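**Student:** Input structure: target-v7.tsv, which contains TSV, C-alpha atoms and all ligand atoms.
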```
chain	number	residue	atom	x	y	z
A	22	MET	CA	127.75	88.28	101.14
A	23	ASP	CA	126.43	85.84	98.54
A	24	LEU	CA	122.68	85.42	98.50
A	25	THR	CA	121.01	82.61	96.63
A	26	PHE	CA	117.72	82.85	94.81
A	27	VAL	CA	115.06	80.56	93.43
A	28	SER	CA	112.85	81.23	90.44
A	29	THR	CA	109.14	81.53	91.24
A	30	GLY	CA	107.68	81.97	87.77
A	31	LYS	CA	107.91	85.60	86.64
A	32	ARG	CA	109.87	86.64	89.71
A	33	ILE	CA	112.79	85.40	91.69
A	34	GLY	CA	112.62	84.77	95.41
A	35	LEU	CA	115.19	84.34	98.13
A	36	HIS	CA	116.35	80.80	98.77
A	37	PRO	CA	115.24	79.85	102.33
A	38	ASP	CA	118.93	79.55	103.29
A	39	SER	CA	119.45	83.25	102.54
A	40	GLU	CA	116.39	84.60	104.35
A	41	GLN	CA	118.03	84.94	107.73
A	42	ALA	CA	121.12	86.59	106.26
A	43	VAL	CA	118.94	89.26	104.67
A	44	LEU	CA	117.11	89.95	107.93
A	45	GLU	CA	120.40	90.35	109.78
A	46	MET	CA	121.78	92.96	107.36
A	47	PRO	CA	121.86	96.58	108.53
A	48	VAL	CA	118.85	98.36	107.04
A	49	TRP	CA	120.65	100.41	104.39
A	50	GLN	CA	122.77	97.46	103.30
A	51	ARG	CA	119.69	95.29	102.93
A	52	HIS	CA	118.13	97.73	100.47
A	53	ALA	CA	121.41	98.21	98.62
A	54	ALA	CA	121.86	94.43	98.24
A	55	TYR	CA	118.30	94.24	96.95
A	56	HIS	CA	118.85	97.05	94.42
A	57	ASP	CA	122.04	95.39	93.29
A	58	THR	CA	120.12	92.14	92.71
A	59	CYS	CA	117.43	94.04	90.76
A	60	ARG	CA	120.18	95.41	88.51
A	61	LYS	CA	121.53	91.96	87.80
A	62	VAL	CA	118.05	90.65	86.96
A	63	TYR	CA	117.47	93.64	84.65
A	64	ALA	CA	120.83	93.24	82.92
A	65	MET	CA	120.03	89.60	82.17
A	66	ALA	CA	116.62	90.48	80.69
A	67	ASN	CA	117.92	93.54	78.77
A	68	PRO	CA	121.49	92.76	77.72
A	69	GLU	CA	121.39	95.28	74.87
A	70	VAL	CA	120.27	98.26	76.97
A	71	SER	CA	122.99	100.71	77.91
A	72	ALA	CA	122.38	103.22	80.67
A	73	PRO	CA	122.71	106.81	79.48
A	74	GLU	CA	123.60	109.41	82.10
A	75	THR	CA	120.28	110.95	83.05
A	76	VAL	CA	119.61	114.36	84.61
A	77	LEU	CA	118.10	112.45	87.52
A	78	ALA	CA	121.38	110.56	88.03
A	79	LYS	CA	123.52	113.67	87.64
A	80	ARG	CA	121.51	116.13	89.70
A	81	GLY	CA	119.12	113.98	91.72
A	82	VAL	CA	116.15	115.94	90.32
A	83	ASP	CA	114.42	116.14	86.95
A	84	LEU	CA	111.25	117.70	85.58
A	85	VAL	CA	109.08	115.84	83.06
A	86	ARG	CA	106.70	118.16	81.26
A	87	GLY	CA	103.15	117.27	80.33
A	88	SER	CA	102.73	113.91	82.08
A	89	LEU	CA	99.07	114.89	82.13
A	90	THR	CA	97.44	117.59	80.03
A	91	ARG	CA	96.45	120.78	81.84
A	92	GLU	CA	92.79	119.78	81.42
A	93	HIS	CA	93.42	116.34	82.87
A	94	ALA	CA	95.26	117.83	85.87
A	95	ALA	CA	92.43	120.34	86.35
A	96	SER	CA	89.82	117.57	86.31
A	97	LEU	CA	91.73	115.71	89.05
A	98	SER	CA	92.02	118.90	91.09
A	99	ASN	CA	88.27	119.54	90.66
A	100	GLU	CA	87.51	116.02	91.80
A	101	ILE	CA	89.63	116.64	94.93
A	102	THR	CA	87.53	119.75	95.61
A	103	ASN	CA	84.30	117.74	95.16
A	104	LEU	CA	85.50	115.00	97.51
A	105	LEU	CA	86.66	117.37	100.23
A	106	GLU	CA	83.59	119.62	99.93
A	107	ALA	CA	81.42	116.53	100.42
A	108	ARG	CA	83.04	116.10	103.85
A	109	GLY	CA	81.49	119.39	105.01
A	110	PRO	CA	82.78	122.90	105.77
A	111	GLY	CA	85.83	121.68	107.75
A	112	GLY	CA	86.65	119.00	105.20
A	113	GLY	CA	89.81	120.61	103.89
A	114	ALA	CA	88.60	121.83	100.50
A	115	HIS	CA	89.18	125.50	101.28
A	116	GLY	CA	91.39	125.54	104.37
A	117	PRO	CA	93.42	123.25	106.66
A	118	ILE	CA	91.46	120.70	108.72
A	119	THR	CA	93.20	121.55	111.99
A	120	ASP	CA	95.28	124.49	113.30
A	121	ASN	CA	98.22	122.14	113.78
A	122	PRO	CA	100.76	123.42	111.22
A	123	ASP	CA	102.10	119.86	110.87
A	124	GLU	CA	98.81	118.98	109.21
A	125	VAL	CA	98.72	121.84	106.73
A	126	SER	CA	98.51	119.34	103.88
A	127	VAL	CA	95.15	117.63	103.67
A	128	ARG	CA	95.52	113.99	102.67
A	129	VAL	CA	92.79	113.39	100.14
A	130	PRO	CA	90.88	110.15	100.81
A	131	TYR	CA	90.94	107.63	97.99
A	132	GLU	CA	87.23	107.49	97.36
A	133	GLY	CA	84.66	107.91	94.65
A	134	ALA	CA	85.61	108.85	91.12
A	135	LEU	CA	89.06	110.13	92.15
A	136	LEU	CA	90.44	106.67	92.77
A	137	ASP	CA	89.56	105.42	89.27
A	138	MET	CA	90.83	108.63	87.73
A	139	LEU	CA	94.18	108.21	89.47
A	140	LYS	CA	94.43	104.56	88.42
A	141	ASP	CA	93.90	105.66	84.82
A	142	ALA	CA	96.54	108.39	85.20
A	143	LEU	CA	99.31	105.96	86.21
A	144	PRO	CA	100.25	104.81	82.65
A	145	LEU	CA	100.29	108.46	81.54
A	146	ILE	CA	102.58	109.52	84.38
A	147	LEU	CA	104.78	106.45	83.86
A	148	ASN	CA	104.72	106.88	80.08
A	149	PRO	CA	107.52	105.34	77.97
A	150	GLU	CA	109.69	108.46	78.35
A	151	ALA	CA	109.39	108.54	82.14
A	152	GLU	CA	109.69	104.76	82.41
A	153	GLY	CA	112.88	104.75	80.28
A	154	LEU	CA	114.38	107.55	82.29
A	155	LEU	CA	113.63	105.79	85.57
A	156	GLU	CA	114.92	102.43	84.38
A	157	SER	CA	118.15	104.14	83.30
A	158	TYR	CA	118.47	105.79	86.69
A	159	TYR	CA	117.82	102.56	88.55
A	160	GLY	CA	119.61	100.26	86.12
A	161	SER	CA	116.64	98.05	86.92
A	162	TYR	CA	112.88	97.81	86.84
A	163	PHE	CA	110.98	99.75	89.50
A	164	ARG	CA	107.65	99.46	91.33
A	165	ILE	CA	105.17	101.86	92.86
A	166	ASP	CA	105.40	101.34	96.60
A	167	SER	CA	102.65	103.78	97.57
A	168	THR	CA	100.99	107.02	96.56
A	169	SER	CA	99.30	109.96	98.24
A	170	CYS	CA	97.26	112.88	97.10
A	171	ASN	CA	97.56	116.14	99.03
A	172	ARG	CA	96.01	119.59	99.04
A	173	THR	CA	98.09	122.24	100.80
A	174	HIS	CA	96.69	125.56	102.00
A	175	PRO	CA	98.49	128.78	102.91
A	176	ILE	CA	99.61	129.14	106.53
A	177	ASP	CA	102.44	131.07	108.18
A	178	GLU	CA	104.46	128.32	109.77
A	179	HIS	CA	106.60	125.99	107.66
A	180	THR	CA	106.97	122.52	109.24
A	181	ILE	CA	107.96	118.92	108.40
A	182	SER	CA	108.40	118.59	104.62
A	183	PHE	CA	108.29	122.38	104.20
A	184	LEU	CA	111.70	122.56	105.94
A	185	TRP	CA	114.96	121.40	104.30
A	186	HIS	CA	115.29	117.63	104.67
A	187	ARG	CA	116.17	114.33	103.07
A	188	ASP	CA	113.73	111.46	103.46
A	189	VAL	CA	114.88	108.64	105.75
A	190	ALA	CA	114.32	105.92	103.18
A	191	PRO	CA	116.20	103.37	101.06
A	192	MET	CA	118.70	105.29	98.93
A	193	ALA	CA	117.02	104.16	95.71
A	194	GLN	CA	113.66	105.67	96.64
A	195	VAL	CA	112.42	108.09	94.01
A	196	HIS	CA	109.44	110.40	94.37
A	197	ILE	CA	107.33	111.49	91.43
A	198	MET	CA	105.38	114.56	92.43
A	199	VAL	CA	102.75	115.33	89.82
A	200	TYR	CA	101.61	118.91	90.21
A	201	LEU	CA	97.86	119.16	89.63
A	202	THR	CA	97.90	122.95	90.04
A	203	ASP	CA	100.50	125.35	88.61
A	204	SER	CA	103.50	125.95	90.87
A	205	GLY	CA	104.87	129.39	91.63
A	206	PRO	CA	106.04	131.61	94.48
A	207	GLN	CA	102.39	132.27	95.41
A	208	LYS	CA	101.02	128.90	94.37
A	209	GLY	CA	103.54	126.67	96.14
A	210	LEU	CA	106.76	125.05	94.97
A	211	THR	CA	109.28	122.37	95.76
A	212	LEU	CA	112.89	123.52	96.20
A	213	PHE	CA	116.01	121.35	95.86
A	214	LEU	CA	119.74	121.30	96.33
A	215	ASP	CA	121.32	119.16	93.62
A	216	LEU	CA	123.45	116.16	94.61
A	217	GLU	CA	126.71	118.13	94.75
A	218	GLN	CA	125.24	120.90	96.91
A	219	THR	CA	123.59	118.29	99.13
A	220	LYS	CA	127.00	116.68	99.61
A	221	THR	CA	128.44	120.05	100.59
A	222	ALA	CA	125.65	120.51	103.14
A	223	ALA	CA	126.33	116.98	104.48
A	224	LYS	CA	130.01	117.86	104.96
A	225	LEU	CA	128.82	120.85	106.98
A	226	GLY	CA	126.79	118.49	109.19
A	227	TYR	CA	123.35	119.08	107.62
A	228	HIS	CA	122.04	115.81	106.19
A	229	TYR	CA	119.28	113.86	107.92
A	230	THR	CA	117.39	116.11	110.25
A	231	LYS	CA	114.71	116.11	112.88
A	232	VAL	CA	111.79	118.47	113.02
A	233	THR	CA	112.01	119.60	116.65
A	234	GLN	CA	113.05	118.00	119.92
A	235	LYS	CA	109.48	116.80	120.32
A	236	ARG	CA	108.65	115.73	116.79
A	237	GLY	CA	111.93	114.07	115.98
A	238	LEU	CA	112.80	111.03	113.99
A	239	LYS	CA	111.45	108.31	116.19
A	240	ARG	CA	114.74	106.49	115.84
A	241	ASP	CA	118.21	107.10	117.09
A	242	ASP	CA	118.29	110.86	116.55
A	243	GLU	CA	121.09	111.82	118.98
A	244	GLY	CA	123.19	114.51	117.36
A	245	VAL	CA	120.85	114.82	114.39
A	246	PRO	CA	120.45	118.51	113.49
A	247	GLU	CA	117.08	120.27	113.47
A	248	ARG	CA	115.40	121.11	110.19
A	249	ARG	CA	115.83	124.64	108.88
A	250	LEU	CA	113.75	126.86	106.63
A	251	HIS	CA	116.83	128.53	105.14
A	252	LEU	CA	120.32	127.21	104.42
A	253	ASP	CA	121.96	130.54	103.56
A	254	ASP	CA	123.65	130.90	106.97
A	255	LEU	CA	125.03	127.37	106.90
A	256	PHE	CA	126.68	127.89	103.51
A	257	GLU	CA	127.74	131.49	104.17
A	258	GLN	CA	129.51	130.64	107.42
A	259	ALA	CA	131.50	127.96	105.57
A	260	GLY	CA	132.31	130.33	102.70
A	261	LYS	CA	130.40	128.13	100.22
A	262	ASP	CA	128.04	129.24	97.46
A	263	LEU	CA	124.46	128.08	97.78
A	264	THR	CA	122.48	127.34	94.64
A	265	VAL	CA	118.85	126.45	95.16
A	266	ASN	CA	117.23	124.57	92.27
A	267	ARG	CA	113.69	125.93	91.77
A	268	PRO	CA	111.91	123.90	89.09
A	269	ASP	CA	108.67	125.42	87.84
A	270	PRO	CA	106.22	122.57	87.26
A	271	LYS	CA	102.94	123.57	85.65
A	272	ALA	CA	99.73	121.63	86.25
A	273	GLY	CA	100.28	118.17	84.75
A	274	ASP	CA	104.11	118.21	84.99
A	275	SER	CA	106.05	115.73	87.15
A	276	LEU	CA	108.98	116.38	89.43
A	277	LEU	CA	111.19	113.30	89.77
A	278	PHE	CA	113.59	113.33	92.68
A	279	ALA	CA	115.84	111.08	94.74
A	280	ALA	CA	114.18	111.99	98.06
A	281	PRO	CA	116.82	110.46	100.41
A	282	ARG	CA	119.75	111.75	98.34
A	283	VAL	CA	118.96	115.43	97.76
A	284	LEU	CA	117.92	118.09	100.23
A	285	HIS	CA	114.49	119.45	99.38
A	286	ARG	CA	111.54	121.25	100.88
A	287	GLY	CA	108.09	122.35	99.91
A	288	SER	CA	107.32	126.04	99.81
A	289	LEU	CA	103.79	126.80	100.97
A	290	PRO	CA	101.31	128.61	98.76
A	291	THR	CA	100.33	132.11	99.83
A	292	GLU	CA	97.06	132.03	97.88
A	293	GLY	CA	94.62	129.35	96.75
A	294	TYR	CA	95.95	125.84	97.31
A	295	ARG	CA	98.50	123.45	95.88
A	296	ASP	CA	97.38	119.98	94.76
A	297	VAL	CA	99.88	117.20	94.16
A	298	PHE	CA	99.75	113.47	93.48
A	299	LEU	CA	102.85	111.72	94.84
A	300	LEU	CA	104.20	108.33	93.75
A	301	VAL	CA	106.87	106.60	95.83
A	302	LEU	CA	109.07	104.24	93.79
A	303	GLN	CA	111.47	101.44	94.68
A	304	PRO	CA	113.61	99.13	92.51
A	305	SER	CA	111.92	95.91	91.43
A	306	PHE	CA	112.59	92.49	89.94
A	307	VAL	CA	109.70	93.05	87.51
A	308	PRO	CA	108.15	96.06	85.69
A	309	TRP	CA	105.71	98.17	87.73
A	310	ARG	CA	102.65	96.90	85.81
A	311	GLN	CA	103.41	93.35	86.90
A	312	ASP	CA	102.82	94.16	90.58
A	313	ILE	CA	99.43	95.64	89.71
A	314	GLU	CA	98.56	92.63	87.56
A	315	ASP	CA	99.55	90.22	90.34
A	316	PHE	CA	98.44	92.12	93.45
A	317	GLY	CA	95.91	94.75	92.33
A	318	TYR	CA	95.88	98.40	93.37
A	319	ASP	CA	95.15	98.23	97.12
A	320	HIS	CA	98.79	98.40	98.21
A	321	ILE	CA	99.34	101.53	96.08
A	322	PHE	CA	96.25	103.45	97.15
A	323	THR	CA	96.26	103.40	100.95
A	324	ASP	CA	94.97	106.20	103.14
A	325	CYS	CA	98.00	106.36	105.43
A	326	GLY	CA	101.74	106.74	105.08
A	327	LYS	CA	104.07	103.77	104.75
A	328	ASP	CA	107.57	103.29	106.09
A	329	THR	CA	109.84	102.00	103.35
A	330	LEU	CA	113.05	101.48	105.33
A	331	TYR	CA	112.14	98.78	107.87
A	332	THR	CA	110.90	96.36	105.27
A	333	ASN	CA	112.05	93.22	103.54
A	334	PRO	CA	112.42	94.40	99.92
A	335	PHE	CA	113.28	90.90	98.70
A	336	LYS	CA	109.67	89.84	99.29
A	337	SER	CA	106.87	90.97	96.97
A	338	LEU	CA	105.36	94.29	98.09
A	339	ALA	CA	108.19	94.70	100.65
A	340	PRO	CA	106.34	93.80	103.87
A	341	ALA	CA	107.20	95.69	107.07
A	342	LEU	CA	109.63	94.03	109.47
A	343	PRO	CA	108.67	93.60	113.11
A	344	LYS	CA	109.68	96.69	115.07
A	345	ASP	CA	111.99	95.09	117.56
A	346	GLY	CA	114.96	96.90	119.08
A	347	ASN	CA	117.40	95.95	116.35
A	348	SER	CA	115.30	96.59	113.31
A	349	THR	CA	114.35	100.14	114.33
A	350	LEU	CA	117.87	101.39	115.01
A	351	THR	CA	119.13	103.52	112.15
A	352	SER	CA	122.81	102.75	111.86
A	353	TRP	CA	123.99	105.74	109.86
A	354	GLU	CA	126.80	105.02	107.43
A	355	GLN	CA	129.04	107.50	105.65
A	356	TRP	CA	127.77	106.69	102.13
A	357	ILE	CA	124.23	107.47	103.31
A	358	PHE	CA	125.24	110.91	104.56
A	359	GLU	CA	127.07	111.52	101.27
A	360	GLY	CA	123.93	110.58	99.33
A	361	ASP	CA	125.39	107.73	97.29
A	362	ILE	CA	122.84	105.39	95.78
A	363	LEU	CA	124.93	102.27	96.58
A	364	PRO	CA	127.80	101.81	99.06
A	401	LIG	O1	105.63	119.04	99.49
A	401	LIG	C1	106.73	119.16	98.92
A	401	LIG	O2	106.90	119.94	97.98
A	401	LIG	C2	107.88	118.33	99.42
A	401	LIG	C3	107.54	116.88	99.40
A	401	LIG	C4	108.56	115.99	100.04
A	401	LIG	O3	109.25	116.36	100.93
A	401	LIG	C5	108.68	114.60	99.56
A	401	LIG	O4	107.91	114.16	98.68
A	401	LIG	O5	109.56	113.89	100.05
A	402	FE	FE	110.68	114.77	101.50
```
Please render this file's structure as structure tokens.
**Tutor:**
Amino acid sequence: MDLTFVSTGKRIGLHPDSEQAVLEMPVWQRHAAYHDTCRKVYAMANPEVSAPETVLAKRGVDLVRGSLTREHAASLSNEITNLLEARGPGGGAHGPITDNPDEVSVRVPYEGALLDMLKDALPLILNPEAEGLLESYYGSYFRIDSTSCNRTHPIDEHTISFLWHRDVAPMAQVHIMVYLTDSGPQKGLTLFLDLEQTKTAAKLGYHYTKVTQKRGLKRDDEGVPERRLHLDDLFEQAGKDLTVNRPDPKAGDSLLFAAPRVLHRGSLPTEGYRDVFLLVLQPSFVPWRQDIEDFGYDHIFTDCGKDTLYTNPFKSLAPALPKDGNSTLTSWEQWIFEGDILP
């Protein structure tokens, strides 16, 4: 389908005649068409740039060392402790806030000194090396859609993102998880299957998953398998080898991963706590700094989660679409299951 665009200064916008067509596209197609447009815009602005094959493109996961110094990461982690301690004994500094295992990770409120410290950390995390790597992966500019800061404490039950899953999100969504504490078997980790292994799992029927019958995807989750803590049985029964990728980020290192394309799960700490700062990225018509210059920081630092799928990515800041019957139905397509970035 041909979409037409108009120039609105630094950005391009959809021509009014194309707006309806975009809204009528199936969700995944809408985001793919948008990413494709971002690539064309980027290629026009950077005709000399060739896209080298990145580890992120090949495996779906990469580790960037030293985004922040150890001292810088420690100062952010200390500030998280100060903030949570200020909320009182049940504030989440030294243990979960509730006994609901789904809420084992304490979402750190964006208040006080922490907020300014995180704003200042953005250009260090998205330093020229990381920015180049991400632009190569995308073949386009990218933007920060949202962020969150989480402290995770030890508990026995693994739930939600601590079970093997792929995020139900536009295929171009990338997560940058900056570890603010060292990772390790006792300190908490993130585990991955690379793209190829994720494809194998998808062929065996394990792709997008629900947590339990009760806490499922709120969409059309008929026939969607339940999340598992271990994948050994799945691979063993099919006579396939399972290789789990266990990166070892130290405090200040960043894990970059294609969250909807590769299976991954957190592994809970058994001592102390794990602190991470998460950035959620999407393709963009303009470099990430431009959104901040034009719209400030509020959209990046919100205190609640944000759906990225039921949005109109062609509009600045990708506003949510009304949740009517049609727009909330996830129409799974084969290329999504296979983890391709574009159809
Ligand atoms: O907490 C973790 O290590 C996993 C995070 C995760 O699932 C995600 O960022 O999509
Ligand atoms: Fe995830």
**Student:** Pick out the residues sitting within 12 Å of A:Ala339, and hand them over as a list of chain:residue names; count all atoms listed in the file, and ignore anything fewer than 2 positions along from it in its own chain.
**Tutor:** A:Arg51, A:His52, A:Tyr55, A:Arg164, A:Ile165, A:Asp166, A:Ser167, A:Pro191, A:Leu302, A:Gln303, A:Pro304, A:Ser305, A:Phe306, A:Asp312, A:His320, A:Lys327, A:Asp328, A:Thr329, A:Leu330, A:Tyr331, A:Thr332, A:Asn333, A:Pro334, A:Phe335, A:Lys336, A:Ser337, A:Ala341, A:Leu342
**Student:** Within 7 Å of ligand LIG 401 (chain A), counting all atoms listed in the file, which protein or nucleic acid residues do you find, written as a ChimeraX atom specification?
**Tutor:** /A:182-183,188,196,198,210-211,280,285-288,299
**Student:** Which residues, written as a list in words, have at least one atom at most 12 Å from stretch 257-259 of chain A, with only C-alpha atoms counted and residues fewer than 6 positions away on the same chain left out?
**Tutor:**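 My list of contacting residues is Thr221, Ala222, Lys224, Leu225, Gly226 and His251 of chain A.
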**Student:** Which of these, A:Phe163, A:Tyr158, A:Phe278, A:Trp49, has the shortest distance to A:Phe213 once you count all atoms listed in the file?
**Tutor:**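 Of all the options, A:Phe278 lies closest to A:Phe213.
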**Student:** For A:Tyr227, work out the shell of residues within 10 Å, counting all atoms listed in the file and skipping chain neighbours fewer than 4 positions away, then give it as a ChimeraX atom specification.
**Tutor:** /A:185-187,219-223,245-249,252,255,284,358
**Student:** Which residue is closest to A:Asp324? Choose from A:Ala42, A:Cys59, A:Val129, A:Ala66 and count only C-alpha atoms.
**Tutor:**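 Checking each candidate against A:Asp324, we get A:Val129 as the closest.
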**Student:** What lies within 8 Å of stretch 76-80 of chain A using all atoms listed in the file, ignoring chain neighbours under 4 positions off, as an MDAnalysis selection string?
**Tutor:** chainID A and resid 158 215:217 277:279
**Student:** Just checking: using all atoms listed in the file, which residue out of A:Gln218, A:Thr291, A:Gln194, A:Gln207 ends up closest to ligand FE 402 (chain A)?
**Tutor:**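 Looking at the shortest contact to ligand FE 402 (chain A), the residue is A:Gln194.
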**Student:** Report, in Å to a single decimal, how far apart atom CA of A:Leu276 and atom CA of A:Ser169 are.
**Tutor:** 14.6 Å
**Student:** Can you work out which one of A:Val265, A:Leu139, A:Leu155, A:Leu289 has the shortest atom-to-atom distance to A:Leu184, counting all atoms listed in the file?
**Tutor:** A:Leu289
**Student:** Quick check, in Å to one decimal: how far apart do atom CA of A:Leu97 and atom CA of A:Leu135 lie?
**Tutor:** 6.9 Å
**Student:** Could you model N, CA and C atoms for stretch 157-182 of chain A and present them as a PDB file, in the frame of the given file?
**Tutor:**
```pdb
ATOM      1  N   SER A 157     116.736 103.773  83.442  1.00  0.00           N
ATOM      2  CA  SER A 157     118.150 104.140  83.300  1.00  0.00           C
ATOM      3  C   SER A 157     118.745 104.545  84.642  1.00  0.00           C
ATOM      4  N   TYR A 158     117.985 105.340  85.377  1.00  0.00           N
ATOM      5  CA  TYR A 158     118.470 105.790  86.690  1.00  0.00           C
ATOM      6  C   TYR A 158     118.706 104.595  87.610  1.00  0.00           C
ATOM      7  N   TYR A 159     117.716 103.712  87.660  1.00  0.00           N
ATOM      8  CA  TYR A 159     117.820 102.560  88.550  1.00  0.00           C
ATOM      9  C   TYR A 159     118.797 101.499  88.036  1.00  0.00           C
ATOM     10  N   GLY A 160     118.913 101.415  86.699  1.00  0.00           N
ATOM     11  CA  GLY A 160     119.610 100.260  86.120  1.00  0.00           C
ATOM     12  C   GLY A 160     118.809  99.001  86.370  1.00  0.00           C
ATOM     13  N   SER A 161     117.516  99.196  86.601  1.00  0.00           N
ATOM     14  CA  SER A 161     116.640  98.050  86.920  1.00  0.00           C
ATOM     15  C   SER A 161     115.192  98.447  86.682  1.00  0.00           C
ATOM     16  N   TYR A 162     114.305  97.493  86.811  1.00  0.00           N
ATOM     17  CA  TYR A 162     112.880  97.810  86.840  1.00  0.00           C
ATOM     18  C   TYR A 162     112.590  98.520  88.171  1.00  0.00           C
ATOM     19  N   PHE A 163     111.384  99.094  88.246  1.00  0.00           N
ATOM     20  CA  PHE A 163     110.980  99.750  89.500  1.00  0.00           C
ATOM     21  C   PHE A 163     109.512  99.452  89.740  1.00  0.00           C
ATOM     22  N   ARG A 164     109.056  99.695  90.968  1.00  0.00           N
ATOM     23  CA  ARG A 164     107.650  99.460  91.330  1.00  0.00           C
ATOM     24  C   ARG A 164     107.094 100.666  92.064  1.00  0.00           C
ATOM     25  N   ILE A 165     105.793 100.792  92.056  1.00  0.00           N
ATOM     26  CA  ILE A 165     105.170 101.860  92.860  1.00  0.00           C
ATOM     27  C   ILE A 165     104.935 101.276  94.242  1.00  0.00           C
ATOM     28  N   ASP A 166     105.584 101.856  95.243  1.00  0.00           N
ATOM     29  CA  ASP A 166     105.400 101.340  96.600  1.00  0.00           C
ATOM     30  C   ASP A 166     104.107 101.882  97.215  1.00  0.00           C
ATOM     31  N   SER A 167     103.874 103.176  97.036  1.00  0.00           N
ATOM     32  CA  SER A 167     102.650 103.780  97.570  1.00  0.00           C
ATOM     33  C   SER A 167     102.417 105.101  96.855  1.00  0.00           C
ATOM     34  N   THR A 168     101.279 105.701  97.119  1.00  0.00           N
ATOM     35  CA  THR A 168     100.990 107.020  96.560  1.00  0.00           C
ATOM     36  C   THR A 168     100.253 107.830  97.622  1.00  0.00           C
ATOM     37  N   SER A 169     100.193 109.137  97.432  1.00  0.00           N
ATOM     38  CA  SER A 169      99.300 109.960  98.240  1.00  0.00           C
ATOM     39  C   SER A 169      98.909 111.187  97.436  1.00  0.00           C
ATOM     40  N   CYS A 170      97.791 111.733  97.810  1.00  0.00           N
ATOM     41  CA  CYS A 170      97.260 112.880  97.100  1.00  0.00           C
ATOM     42  C   CYS A 170      97.035 113.952  98.168  1.00  0.00           C
ATOM     43  N   ASN A 171      97.603 115.131  97.973  1.00  0.00           N
ATOM     44  CA  ASN A 171      97.560 116.140  99.030  1.00  0.00           C
ATOM     45  C   ASN A 171      97.152 117.511  98.507  1.00  0.00           C
ATOM     46  N   ARG A 172      96.322 118.177  99.296  1.00  0.00           N
ATOM     47  CA  ARG A 172      96.010 119.590  99.040  1.00  0.00           C
ATOM     48  C   ARG A 172      96.622 120.412 100.164  1.00  0.00           C
ATOM     49  N   THR A 173      97.406 121.414  99.793  1.00  0.00           N
ATOM     50  CA  THR A 173      98.090 122.240 100.800  1.00  0.00           C
ATOM     51  C   THR A 173      97.574 123.673 100.726  1.00  0.00           C
ATOM     52  N   HIS A 174      97.239 124.205 101.903  1.00  0.00           N
ATOM     53  CA  HIS A 174      96.690 125.560 102.000  1.00  0.00           C
ATOM     54  C   HIS A 174      97.728 126.524 102.554  1.00  0.00           C
ATOM     55  N   PRO A 175      97.542 127.814 102.339  1.00  0.00           N
ATOM     56  CA  PRO A 175      98.490 128.780 102.910  1.00  0.00           C
ATOM     57  C   PRO A 175      98.391 128.831 104.439  1.00  0.00           C
ATOM     58  N   ILE A 176      99.533 128.799 105.105  1.00  0.00           N
ATOM     59  CA  ILE A 176      99.610 129.140 106.530  1.00  0.00           C
ATOM     60  C   ILE A 176     100.973 129.798 106.752  1.00  0.00           C
ATOM     61  N   ASP A 177     101.197 130.331 107.951  1.00  0.00           N
ATOM     62  CA  ASP A 177     102.440 131.070 108.180  1.00  0.00           C
ATOM     63  C   ASP A 177     103.627 130.186 108.524  1.00  0.00           C
ATOM     64  N   GLU A 178     103.337 129.086 109.227  1.00  0.00           N
ATOM     65  CA  GLU A 178     104.460 128.320 109.770  1.00  0.00           C
ATOM     66  C   GLU A 178     104.848 127.155 108.860  1.00  0.00           C
ATOM     67  N   HIS A 179     106.109 127.118 108.457  1.00  0.00           N
ATOM     68  CA  HIS A 179     106.600 125.990 107.660  1.00  0.00           C
ATOM     69  C   HIS A 179     107.037 124.873 108.613  1.00  0.00           C
ATOM     70  N   THR A 180     106.544 123.664 108.410  1.00  0.00           N
ATOM     71  CA  THR A 180     106.970 122.520 109.240  1.00  0.00           C
ATOM     72  C   THR A 180     107.266 121.303 108.355  1.00  0.00           C
ATOM     73  N   ILE A 181     107.740 120.250 109.000  1.00  0.00           N
ATOM     74  CA  ILE A 181     107.960 118.920 108.400  1.00  0.00           C
ATOM     75  C   ILE A 181     108.567 118.994 107.001  1.00  0.00           C
ATOM     76  N   SER A 182     107.787 118.669 105.953  1.00  0.00           N
ATOM     77  CA  SER A 182     108.400 118.590 104.620  1.00  0.00           C
ATOM     78  C   SER A 182     108.517 119.973 103.977  1.00  0.00           C
TER      79      SER A 182
END
```
